[in-house]
file start38.pdb (PDB, C-alpha atoms and all ligand atoms)
MODEL        1
ATOM      1  CA  MET A   1     139.595  87.941  72.764
ATOM      2  CA  ALA A   2     137.680  88.788  75.935
ATOM      3  CA  GLU A   3     136.181  85.292  75.941
ATOM      4  CA  ARG A   4     139.649  83.733  75.678
ATOM      5  CA  ASP A   5     140.830  85.835  78.604
ATOM      6  CA  THR A   6     137.828  84.804  80.705
ATOM      7  CA  ALA A   7     138.422  81.160  79.776
ATOM      8  CA  ARG A   8     142.061  81.381  80.835
ATOM      9  CA  ARG A   9     141.197  82.877  84.214
ATOM     10  CA  ALA A  10     138.342  80.450  84.803
ATOM     11  CA  ALA A  11     140.545  77.464  83.987
ATOM     12  CA  ALA A  12     143.059  78.603  86.609
ATOM     13  CA  ALA A  13     140.480  78.225  89.413
ATOM     14  CA  ARG A  14     141.170  74.912  91.163
ATOM     15  CA  ASP A  15     138.045  74.894  93.296
ATOM     16  CA  LEU A  16     134.765  76.747  93.701
ATOM     17  CA  ALA A  17     136.121  79.136  96.320
ATOM     18  CA  ALA A  18     138.892  80.200  93.934
ATOM     19  CA  LEU A  19     136.400  80.464  91.103
ATOM     20  CA  ASP A  20     134.077  82.650  93.178
ATOM     21  CA  ARG A  21     136.957  84.986  94.023
ATOM     22  CA  ALA A  22     138.094  85.192  90.401
ATOM     23  CA  VAL A  23     134.573  85.820  89.071
ATOM     24  CA  ALA A  24     134.077  88.689  91.490
ATOM     25  CA  GLU A  25     137.154  90.438  90.051
ATOM     26  CA  CYS A  26     136.131  90.150  86.401
ATOM     27  CA  ARG A  27     135.935  93.307  84.260
ATOM     28  CA  ALA A  28     135.813  91.714  80.811
ATOM     29  CA  CYS A  29     132.622  93.391  79.544
ATOM     30  CA  PRO A  30     132.965  97.203  79.416
ATOM     31  CA  ARG A  31     129.238  97.903  79.076
ATOM     32  CA  LEU A  32     128.302  95.676  82.005
ATOM     33  CA  VAL A  33     131.114  96.951  84.216
ATOM     34  CA  ALA A  34     129.923 100.512  83.591
ATOM     35  CA  TRP A  35     126.285  99.582  84.243
ATOM     36  CA  ARG A  36     126.822  97.587  87.432
ATOM     37  CA  GLU A  37     128.988 100.368  88.881
ATOM     38  CA  GLU A  38     126.610 103.126  87.859
ATOM     39  CA  VAL A  39     123.702 101.304  89.505
ATOM     40  CA  ALA A  40     125.837 100.783  92.606
ATOM     41  CA  ALA A  41     126.643 104.489  92.765
ATOM     42  CA  THR A  42     123.186 105.904  92.046
ATOM     43  CA  LYS A  43     121.217 103.234  93.998
ATOM     44  CA  ARG A  44     117.470 102.894  94.377
ATOM     45  CA  ALA A  45     115.970 105.247  96.943
ATOM     46  CA  ALA A  46     114.753 102.371  99.118
ATOM     47  CA  PHE A  47     118.340 101.100  99.393
ATOM     48  CA  ARG A  48     120.204 104.381  99.737
ATOM     49  CA  ASP A  49     121.807 103.200 102.999
ATOM     50  CA  TRP A  50     123.209 100.106 101.356
ATOM     51  CA  GLU A  51     126.757  99.788 100.126
ATOM     52  CA  TYR A  52     126.047  98.052  96.845
ATOM     53  CA  TRP A  53     128.204  95.101  95.818
ATOM     54  CA  GLY A  54     128.517  96.462  92.265
ATOM     55  CA  ARG A  55     130.611  93.525  90.992
ATOM     56  CA  PRO A  56     130.045  90.163  89.308
ATOM     57  CA  VAL A  57     127.986  87.811  91.456
ATOM     58  CA  PRO A  58     129.378  84.293  92.034
ATOM     59  CA  GLY A  59     127.355  81.124  92.445
ATOM     60  CA  PHE A  60     125.980  80.168  95.845
ATOM     61  CA  GLY A  61     125.656  76.736  97.408
ATOM     62  CA  PRO A  62     127.754  73.739  98.389
ATOM     63  CA  ALA A  63     130.508  72.210  96.276
ATOM     64  CA  ASP A  64     128.833  68.776  96.419
ATOM     65  CA  ALA A  65     125.491  69.968  95.009
ATOM     66  CA  ARG A  66     123.473  67.425  93.056
ATOM     67  CA  ILE A  67     121.064  70.043  91.735
ATOM     68  CA  GLY A  68     122.072  73.230  89.919
ATOM     69  CA  VAL A  69     119.687  76.151  89.442
ATOM     70  CA  LEU A  70     120.724  78.201  86.437
ATOM     71  CA  GLY A  71     119.426  81.752  86.074
ATOM     72  CA  LEU A  72     120.002  84.509  83.555
ATOM     73  CA  ALA A  73     121.950  87.188  85.439
ATOM     74  CA  PRO A  74     121.900  89.097  88.739
ATOM     75  CA  ALA A  75     119.303  91.818  89.215
ATOM     76  CA  ALA A  76     120.535  95.411  89.341
ATOM     77  CA  HIS A  77     119.125  96.045  92.832
ATOM     78  CA  GLY A  78     119.121  92.390  93.925
ATOM     79  CA  GLY A  79     122.340  90.428  93.525
ATOM     80  CA  ASN A  80     124.202  93.499  92.304
ATOM     81  CA  ARG A  81     123.304  95.156  95.619
ATOM     82  CA  THR A  82     123.709  92.258  98.036
ATOM     83  CA  GLY A  83     126.504  90.294  96.336
ATOM     84  CA  ARG A  84     124.611  87.005  96.465
ATOM     85  CA  ILE A  85     122.699  85.595  93.555
ATOM     86  CA  PHE A  86     118.884  86.058  93.699
ATOM     87  CA  THR A  87     119.263  87.727  97.091
ATOM     88  CA  GLY A  88     117.302  90.874  97.884
ATOM     89  CA  ASP A  89     114.779  90.913  95.046
ATOM     90  CA  ARG A  90     111.296  89.623  94.299
ATOM     91  CA  SER A  91     112.555  86.780  92.109
ATOM     92  CA  GLY A  92     114.705  85.552  94.967
ATOM     93  CA  ASP A  93     111.785  85.815  97.386
ATOM     94  CA  VAL A  94     109.910  83.304  95.247
ATOM     95  CA  LEU A  95     112.880  81.038  94.586
ATOM     96  CA  PHE A  96     114.206  80.749  98.134
ATOM     97  CA  ALA A  97     110.743  80.230  99.597
ATOM     98  CA  ALA A  98     110.339  77.316  97.176
ATOM     99  CA  LEU A  99     113.787  75.916  97.990
ATOM    100  CA  TYR A 100     112.853  76.062 101.672
ATOM    101  CA  ARG A 101     109.584  74.209 101.045
ATOM    102  CA  ALA A 102     111.572  71.624  99.087
ATOM    103  CA  GLY A 103     113.950  71.096 102.016
ATOM    104  CA  LEU A 104     116.889  72.536 100.098
ATOM    105  CA  ALA A 105     117.324  75.749 102.130
ATOM    106  CA  ASN A 106     117.448  76.268 105.893
ATOM    107  CA  GLN A 107     115.246  79.379 105.762
ATOM    108  CA  PRO A 108     112.652  80.797 103.354
ATOM    109  CA  THR A 109     114.145  84.265 102.928
ATOM    110  CA  SER A 110     117.330  85.659 101.445
ATOM    111  CA  VAL A 111     117.997  89.309 102.133
ATOM    112  CA  SER A 112     121.761  89.758 102.545
ATOM    113  CA  ARG A 113     125.044  87.852 102.370
ATOM    114  CA  ASP A 114     125.158  87.478 106.155
ATOM    115  CA  ASP A 115     121.549  86.445 106.805
ATOM    116  CA  GLY A 116     122.436  82.858 107.754
ATOM    117  CA  LEU A 117     120.987  81.246 104.639
ATOM    118  CA  GLU A 118     122.431  77.840 103.756
ATOM    119  CA  LEU A 119     121.610  75.515 100.916
ATOM    120  CA  ARG A 120     121.978  71.751 100.834
ATOM    121  CA  GLY A 121     122.159  69.652  97.716
ATOM    122  CA  VAL A 122     121.691  72.656  95.447
ATOM    123  CA  ARG A 123     123.872  75.421  94.027
ATOM    124  CA  ILE A 124     122.542  78.486  92.239
ATOM    125  CA  PHE A 125     124.441  80.266  89.467
ATOM    126  CA  ALA A 126     123.800  82.458  86.460
ATOM    127  CA  ALA A 127     124.693  82.315  82.790
ATOM    128  CA  VAL A 128     125.915  85.935  82.968
ATOM    129  CA  ARG A 129     127.503  87.128  86.198
ATOM    130  CA  CYS A 130     126.954  90.902  85.975
ATOM    131  CA  ALA A 131     123.620  92.700  86.056
ATOM    132  CA  PRO A 132     122.782  93.758  82.499
ATOM    133  CA  PRO A 133     120.662  96.777  81.518
ATOM    134  CA  ALA A 134     117.040  95.682  81.036
ATOM    135  CA  ASN A 135     118.122  92.133  81.962
ATOM    136  CA  LYS A 136     119.418  91.727  78.414
ATOM    137  CA  PRO A 137     123.066  90.822  77.926
ATOM    138  CA  THR A 138     124.327  91.018  74.352
ATOM    139  CA  PRO A 139     125.366  87.794  72.608
ATOM    140  CA  GLU A 140     128.990  88.898  72.937
ATOM    141  CA  GLU A 141     128.602  89.441  76.708
ATOM    142  CA  ARG A 142     126.889  86.062  77.029
ATOM    143  CA  ASP A 143     129.752  84.353  75.234
ATOM    144  CA  THR A 144     132.428  86.253  77.143
ATOM    145  CA  CYS A 145     130.912  85.183  80.464
ATOM    146  CA  ALA A 146     130.236  81.562  79.480
ATOM    147  CA  PRO A 147     133.640  80.207  80.621
ATOM    148  CA  TRP A 148     132.802  81.089  84.233
ATOM    149  CA  LEU A 149     129.683  78.931  84.018
ATOM    150  CA  HIS A 150     131.532  76.164  82.216
ATOM    151  CA  ARG A 151     134.242  76.050  84.869
ATOM    152  CA  GLU A 152     131.626  75.989  87.631
ATOM    153  CA  LEU A 153     129.882  73.060  85.966
ATOM    154  CA  THR A 154     133.217  71.281  85.555
ATOM    155  CA  LEU A 155     134.028  71.679  89.248
ATOM    156  CA  LEU A 156     130.540  70.443  90.184
ATOM    157  CA  ARG A 157     130.663  67.571  87.724
ATOM    158  CA  PRO A 158     131.433  64.788  90.259
ATOM    159  CA  THR A 159     128.066  65.274  92.005
ATOM    160  CA  LEU A 160     125.812  67.343  89.759
ATOM    161  CA  ARG A 161     122.887  65.307  88.399
ATOM    162  CA  VAL A 162     120.221  67.868  87.460
ATOM    163  CA  VAL A 163     120.255  71.436  86.185
ATOM    164  CA  VAL A 164     117.058  73.464  86.517
ATOM    165  CA  ALA A 165     117.058  76.145  83.816
ATOM    166  CA  LEU A 166     115.039  79.174  84.894
ATOM    167  CA  GLY A 167     113.746  80.532  81.606
ATOM    168  CA  SER A 168     114.693  80.137  77.972
ATOM    169  CA  PHE A 169     117.966  82.107  78.207
ATOM    170  CA  ALA A 170     119.336  79.677  80.793
ATOM    171  CA  TRP A 171     117.961  76.733  78.799
ATOM    172  CA  ALA A 172     119.903  77.934  75.744
ATOM    173  CA  ALA A 173     123.057  78.588  77.791
ATOM    174  CA  TRP A 174     123.090  74.934  78.794
ATOM    175  CA  TRP A 175     123.649  73.703  75.242
ATOM    176  CA  ALA A 176     126.770  75.825  74.873
ATOM    177  CA  ALA A 177     128.196  74.136  77.984
ATOM    178  CA  LEU A 178     127.884  70.567  76.724
ATOM    179  CA  ARG A 179     130.991  70.411  74.566
ATOM    180  CA  PRO A 180     133.467  72.270  76.833
ATOM    181  CA  VAL A 181     132.268  70.654  80.062
ATOM    182  CA  TYR A 182     131.121  67.162  79.072
ATOM    183  CA  GLY A 183     132.685  66.659  75.636
ATOM    184  CA  VAL A 184     129.248  66.035  74.161
ATOM    185  CA  SER A 185     127.732  67.636  71.075
ATOM    186  CA  PRO A 186     124.426  69.413  71.620
ATOM    187  CA  PRO A 187     121.469  67.690  69.952
ATOM    188  CA  THR A 188     120.090  69.022  66.691
ATOM    189  CA  PRO A 189     117.491  70.382  66.779
ATOM    190  CA  ARG A 190     117.767  71.551  70.377
ATOM    191  CA  PRO A 191     114.966  70.287  72.654
ATOM    192  CA  ALA A 192     112.359  73.021  73.142
ATOM    193  CA  PHE A 193     112.194  74.947  76.397
ATOM    194  CA  GLY A 194     109.044  74.551  78.476
ATOM    195  CA  HIS A 195     107.976  74.471  82.095
ATOM    196  CA  GLY A 196     108.619  70.915  83.269
ATOM    197  CA  ALA A 197     110.405  69.963  80.039
ATOM    198  CA  THR A 198     113.383  67.635  80.450
ATOM    199  CA  ALA A 199     116.303  66.840  78.195
ATOM    200  CA  ARG A 200     118.916  64.101  78.550
ATOM    201  CA  VAL A 201     121.908  63.838  76.287
ATOM    202  CA  GLY A 202     123.925  61.088  77.938
ATOM    203  CA  ARG A 203     124.488  59.051  81.067
ATOM    204  CA  ASP A 204     127.268  61.246  82.385
ATOM    205  CA  VAL A 205     125.548  64.562  81.709
ATOM    206  CA  PRO A 206     123.081  66.110  84.170
ATOM    207  CA  VAL A 207     119.440  66.091  83.173
ATOM    208  CA  LEU A 208     118.203  69.500  82.071
ATOM    209  CA  LEU A 209     114.875  70.502  83.583
ATOM    210  CA  GLY A 210     113.014  73.603  82.439
ATOM    211  CA  SER A 211     111.107  76.040  84.630
ATOM    212  CA  TYR A 212     109.516  79.357  83.891
ATOM    213  CA  HIS A 213     111.697  82.069  85.353
ATOM    214  CA  VAL A 214     110.830  83.279  88.851
ATOM    215  CA  SER A 215     110.630  86.881  87.643
ATOM    216  CA  GLN A 216     107.780  89.146  88.708
ATOM    217  CA  GLN A 217     106.612  89.128  85.103
ATOM    218  CA  ASN A 218     105.736  85.456  85.585
ATOM    219  CA  THR A 219     104.876  85.247  89.263
ATOM    220  CA  PHE A 220     102.665  88.361  89.414
ATOM    221  CA  THR A 221     100.683  87.259  86.381
ATOM    222  CA  GLY A 222     100.192  83.704  87.607
ATOM    223  CA  ARG A 223     102.133  82.196  84.715
ATOM    224  CA  LEU A 224     104.340  80.638  87.374
ATOM    225  CA  THR A 225     102.657  79.717  90.648
ATOM    226  CA  PRO A 226     104.301  78.448  93.846
ATOM    227  CA  ALA A 227     102.727  75.042  93.190
ATOM    228  CA  MET A 228     104.283  74.884  89.721
ATOM    229  CA  LEU A 229     107.701  75.699  91.159
ATOM    230  CA  ASP A 230     107.235  73.111  93.902
ATOM    231  CA  GLU A 231     106.518  70.485  91.240
ATOM    232  CA  VAL A 232     109.701  71.312  89.345
ATOM    233  CA  LEU A 233     111.840  71.176  92.484
ATOM    234  CA  ALA A 234     110.238  67.892  93.517
ATOM    235  CA  GLN A 235     111.058  66.575  90.051
ATOM    236  CA  ALA A 236     114.641  67.832  90.424
ATOM    237  CA  ARG A 237     114.976  66.160  93.806
ATOM    238  CA  ALA A 238     113.700  62.881  92.419
ATOM    239  CA  LEU A 239     116.012  63.018  89.390
ATOM    240  CA  ALA A 240     118.953  63.894  91.638
ATOM    241  CA  LYS A 241     118.011  61.073  94.006
ATOM    242  CA  LEU A 242     118.023  63.276  97.077
ATOM    243  CA  ASP A 243     116.597  61.352  99.997
ATOM    244  CA  PRO A 244     113.364  63.101 101.084
ATOM    245  CA  GLY A 245     113.809  61.898 104.652
ATOM    246  CA  HIS A 246     116.979  63.859 105.286
ATOM    247  CA  ALA A 247     116.322  67.421 104.292
ATOM    248  CA  TYR A 248     116.008  70.656 106.225
ATOM    249  CA  GLY A 249     112.930  70.790 108.370
ATOM    250  CA  ASP A 250     112.910  67.105 109.295
ATOM    251  CA  SER A 251     113.100  66.285 112.959
ATOM    252  CA  GLY A 252     116.255  64.626 114.180
ATOM    253  CA  ASP A 253     118.977  64.414 111.542
ATOM    254  CA  THR A 254     118.899  67.589 109.485
ATOM    255  CA  CYS A 255     121.703  66.648 107.142
ATOM    256  CA  ALA A 256     120.762  66.127 103.526
ATOM    257  CA  ARG A 257     121.834  62.574 102.740
ATOM    258  CA  MET A 258     123.006  61.922  99.222
ATOM    259  CA  VAL A 259     122.204  58.562  97.722
TER     260      VAL A 259
HETATM  261  S1  LIG A 301     129.411  89.525  82.564
HETATM  262 FE1  LIG A 301     130.857  87.898  83.087
HETATM  263  S2  LIG A 301     132.588  88.135  81.688
HETATM  264 FE2  LIG A 301     131.413  90.076  81.647
HETATM  265  S3  LIG A 301     132.403  91.377  83.205
HETATM  266 FE3  LIG A 301     130.728  90.298  84.214
HETATM  267  S4  LIG A 301     131.676  88.444  85.082
HETATM  268 FE4  LIG A 301     133.081  89.267  83.539
ENDMDL
END
call {"tool": "encode", "arguments": {"input": "start38.pdb", "output": "structure tokens", "more": "lines below"}}
Ligand code: SF4
result
Amino acid sequence: MAERDTARRAAAARDLAALDRAVAECRACPRLVAWREEVAATKRAAFRDWEYWGRPVPGFGPADARIGVLGLAPAAHGGNRTGRIFTGDRSGDVLFAALYRAGLANQPTSVSRDDGLELRGVRIFAAVRCAPPANKPTPEERDTCAPWLHRELTLLRPTLRVVVALGSFAWAAWWAALRPVYGVSPPTPRPAFGHGATARVGRDVPVLLGSYHVSQQNTFTGRLTPAMLDEVLAQARALAKLDPGHAYGDSGDTCARMV
């Protein structure tokens, strides 16, 4: 029932701006609504002066993105505080620094919604749009939130060529999107998740590219290094056919040219 309601509201969004507004108003999952608002009210001591966002966190990045970066869900004191996905937490520190090195972001840091960060060629979004306790949404919450992701992928479909799945949860969420977004059945068995793994299911469907998640659990232990993330983003750029000569950081023309 909740999933049908989410699907109806997602389908009504005619463009990404409308989708972002609609997502931010969603209250379909009682447990997650209660959790995100409780976190926003109690806060972490280091952020006691912040007015937490405390709502679902929309995707971030241009409507003509050729690369999608798919995460699990916002962090309680990251996106749930700042209102922008991966912004204000250690995972985001790693991700945005890598996007900057790859020429996909205009700056290496992401600390607040008004910090001037811009992305080119890439849009970041999550499989679940509210921060879940212990970063673990239930299967019902995952399914209820899926229509927001599916609508976002549909709106990005004209340009999207690659989806980088950060972690196995995002990798699995991709398969559920194939039928509603692309009209394609997921392969059986599903291709296994791995860092650098790729999966293609058809000419008109973006390539799926796996990456270990940028969580502290991986980056602090060395399971995921900056070099490993750079390799994945370079692979994504190549698959998406982004011209390396026209990215942020180049002298002269700083517009990302799509080919
Ligand atoms: S997780 Fe998704 S469906 Fe559930 S309340 Fe948040 S935005 Fe809505």
call {"tool": "atom_distance", "arguments": {"input": "start38.pdb", "atom1": "atom CA of Leu19 of chain A", "atom2": "atom CA of Gly61 of chain A"}}
result
13.0 Å
call {"tool": "residues_near_point", "arguments": {"input": "start38.pdb", "point": "(130.6, 77.3, 82.0)", "cutoff": "12 Å", "atoms": "all atoms listed in the file", "output": "PyMOL selection string"}}
result
chain A and resi 3+6-7+10-11+19+23+59+70+125-129+142-157+170+173-182
call {"tool": "closest_residue", "arguments": {"input": "start38.pdb", "among": "A:Val69, A:Met228, A:Ala199, A:Ala2", "to": "ligand LIG 301 (chain A)", "atoms": "only C-alpha atoms and all ligand atoms"}}
result
A:Ala2
call {"tool": "closest_residue", "arguments": {"input": "start38.pdb", "among": "A:Arg14, A:Arg84, A:Arg31, A:Arg8", "to": "ligand LIG 301 (chain A)", "atoms": "all atoms listed in the file"}}
result
A:Arg31
call {"tool": "resolve_selection", "arguments": {"input": "start38.pdb", "expression": "the PyMOL selection byres (((chain A and resi 79) around 10) and not hetatm)", "output": "PyMOL selection string"}}
result
chain A and resi 52-58+73-78+80-89+92+111-113+129-131
call {"tool": "atom_distance", "arguments": {"input": "start38.pdb", "atom1": "atom CA of Arg66 of chain A", "atom2": "atom CA of Val232 of chain A"}}
result
14.8 Å
call {"tool": "atom_distance", "arguments": {"input": "start38.pdb", "atom1": "atom CA of Pro191 of chain A", "atom2": "atom CA of Arg203 of chain A"}}
result
17.0 Å
call {"tool": "closest_residue", "arguments": {"input": "start38.pdb", "among": "A:Arg123, A:Arg200, A:Arg90, A:Arg101", "to": "Gln216 of chain A", "atoms": "all atoms listed in the file"}}
result
A:Arg90
call {"tool": "resolve_selection", "arguments": {"input": "start38.pdb", "expression": "the PyMOL selection byres (((chain A and resi 239) around 9) and not hetatm)", "output": "ChimeraX atom specification"}}
result
/A:67,161-162,207,234-238,240-242
call {"tool": "resolve_selection", "arguments": {"input": "start38.pdb", "expression": "the PyMOL selection byres (((chain A and resi 194) around 12) and not hetatm)", "output": "count of residues only"}}
result
25
call {"tool": "axis_aligned_box", "arguments": {"input": "start38.pdb", "around": "segment 200-205 of chain A", "padding_each_side": "8 Å", "output": "lines of an AutoDock Vina configuration file"}}
result
center_x = 123.1
center_y = 61.8
center_z = 79.3
size_x = 24.4
size_y = 21.5
size_z = 22.1
call {"tool": "closest_residue", "arguments": {"input": "start38.pdb", "among": "A:Ala12, A:Ala22, A:Cys29, A:Ala17", "to": "ligand LIG 301 (chain A)", "atoms": "all atoms listed in the file"}}
result
A:Cys29
call {"tool": "build_atoms", "arguments": {"input": "start38.pdb", "residues": "segment 206-219 of chain A", "atoms": "N, CA and C atoms", "output": "short mmCIF file (atom, residue, chain, number, x, y, z; two decimals), keeping the file's coordinate frame"}}
result
data_model
loop_
_atom_site.label_atom_id
_atom_site.label_comp_id
_atom_site.auth_asym_id
_atom_site.auth_seq_id
_atom_site.Cartn_x
_atom_site.Cartn_y
_atom_site.Cartn_z
N PRO A 206 124.29 65.85 83.38
CA PRO A 206 123.08 66.11 84.17
C PRO A 206 121.84 66.26 83.29
N VAL A 207 120.72 65.89 83.85
CA VAL A 207 119.44 66.09 83.17
C VAL A 207 119.10 67.58 83.22
N LEU A 208 118.64 68.10 82.12
CA LEU A 208 118.20 69.50 82.07
C LEU A 208 116.70 69.53 82.30
N LEU A 209 116.29 70.39 83.21
CA LEU A 209 114.88 70.50 83.58
C LEU A 209 114.46 71.96 83.46
N GLY A 210 113.44 72.23 82.69
CA GLY A 210 113.01 73.60 82.44
C GLY A 210 112.01 74.10 83.46
N SER A 211 112.10 75.38 83.77
CA SER A 211 111.11 76.04 84.63
C SER A 211 110.91 77.46 84.12
N TYR A 212 109.69 77.93 84.15
CA TYR A 212 109.52 79.36 83.89
C TYR A 212 110.34 80.13 84.90
N HIS A 213 110.86 81.26 84.47
CA HIS A 213 111.70 82.07 85.35
C HIS A 213 110.86 82.61 86.52
N VAL A 214 111.53 82.80 87.65
CA VAL A 214 110.83 83.28 88.85
C VAL A 214 110.67 84.80 88.87
N SER A 215 110.76 85.42 87.72
CA SER A 215 110.63 86.88 87.64
C SER A 215 109.21 87.32 88.00
N GLN A 216 109.10 88.59 88.40
CA GLN A 216 107.78 89.15 88.71
C GLN A 216 106.85 89.06 87.51
N GLN A 217 107.41 89.20 86.33
CA GLN A 217 106.61 89.13 85.10
C GLN A 217 105.83 87.82 85.04
N ASN A 218 106.41 86.76 85.57
CA ASN A 218 105.74 85.46 85.58
C ASN A 218 104.96 85.21 86.86
N THR A 219 105.53 85.59 88.00
CA THR A 219 104.88 85.25 89.26
C THR A 219 103.70 86.18 89.57
#
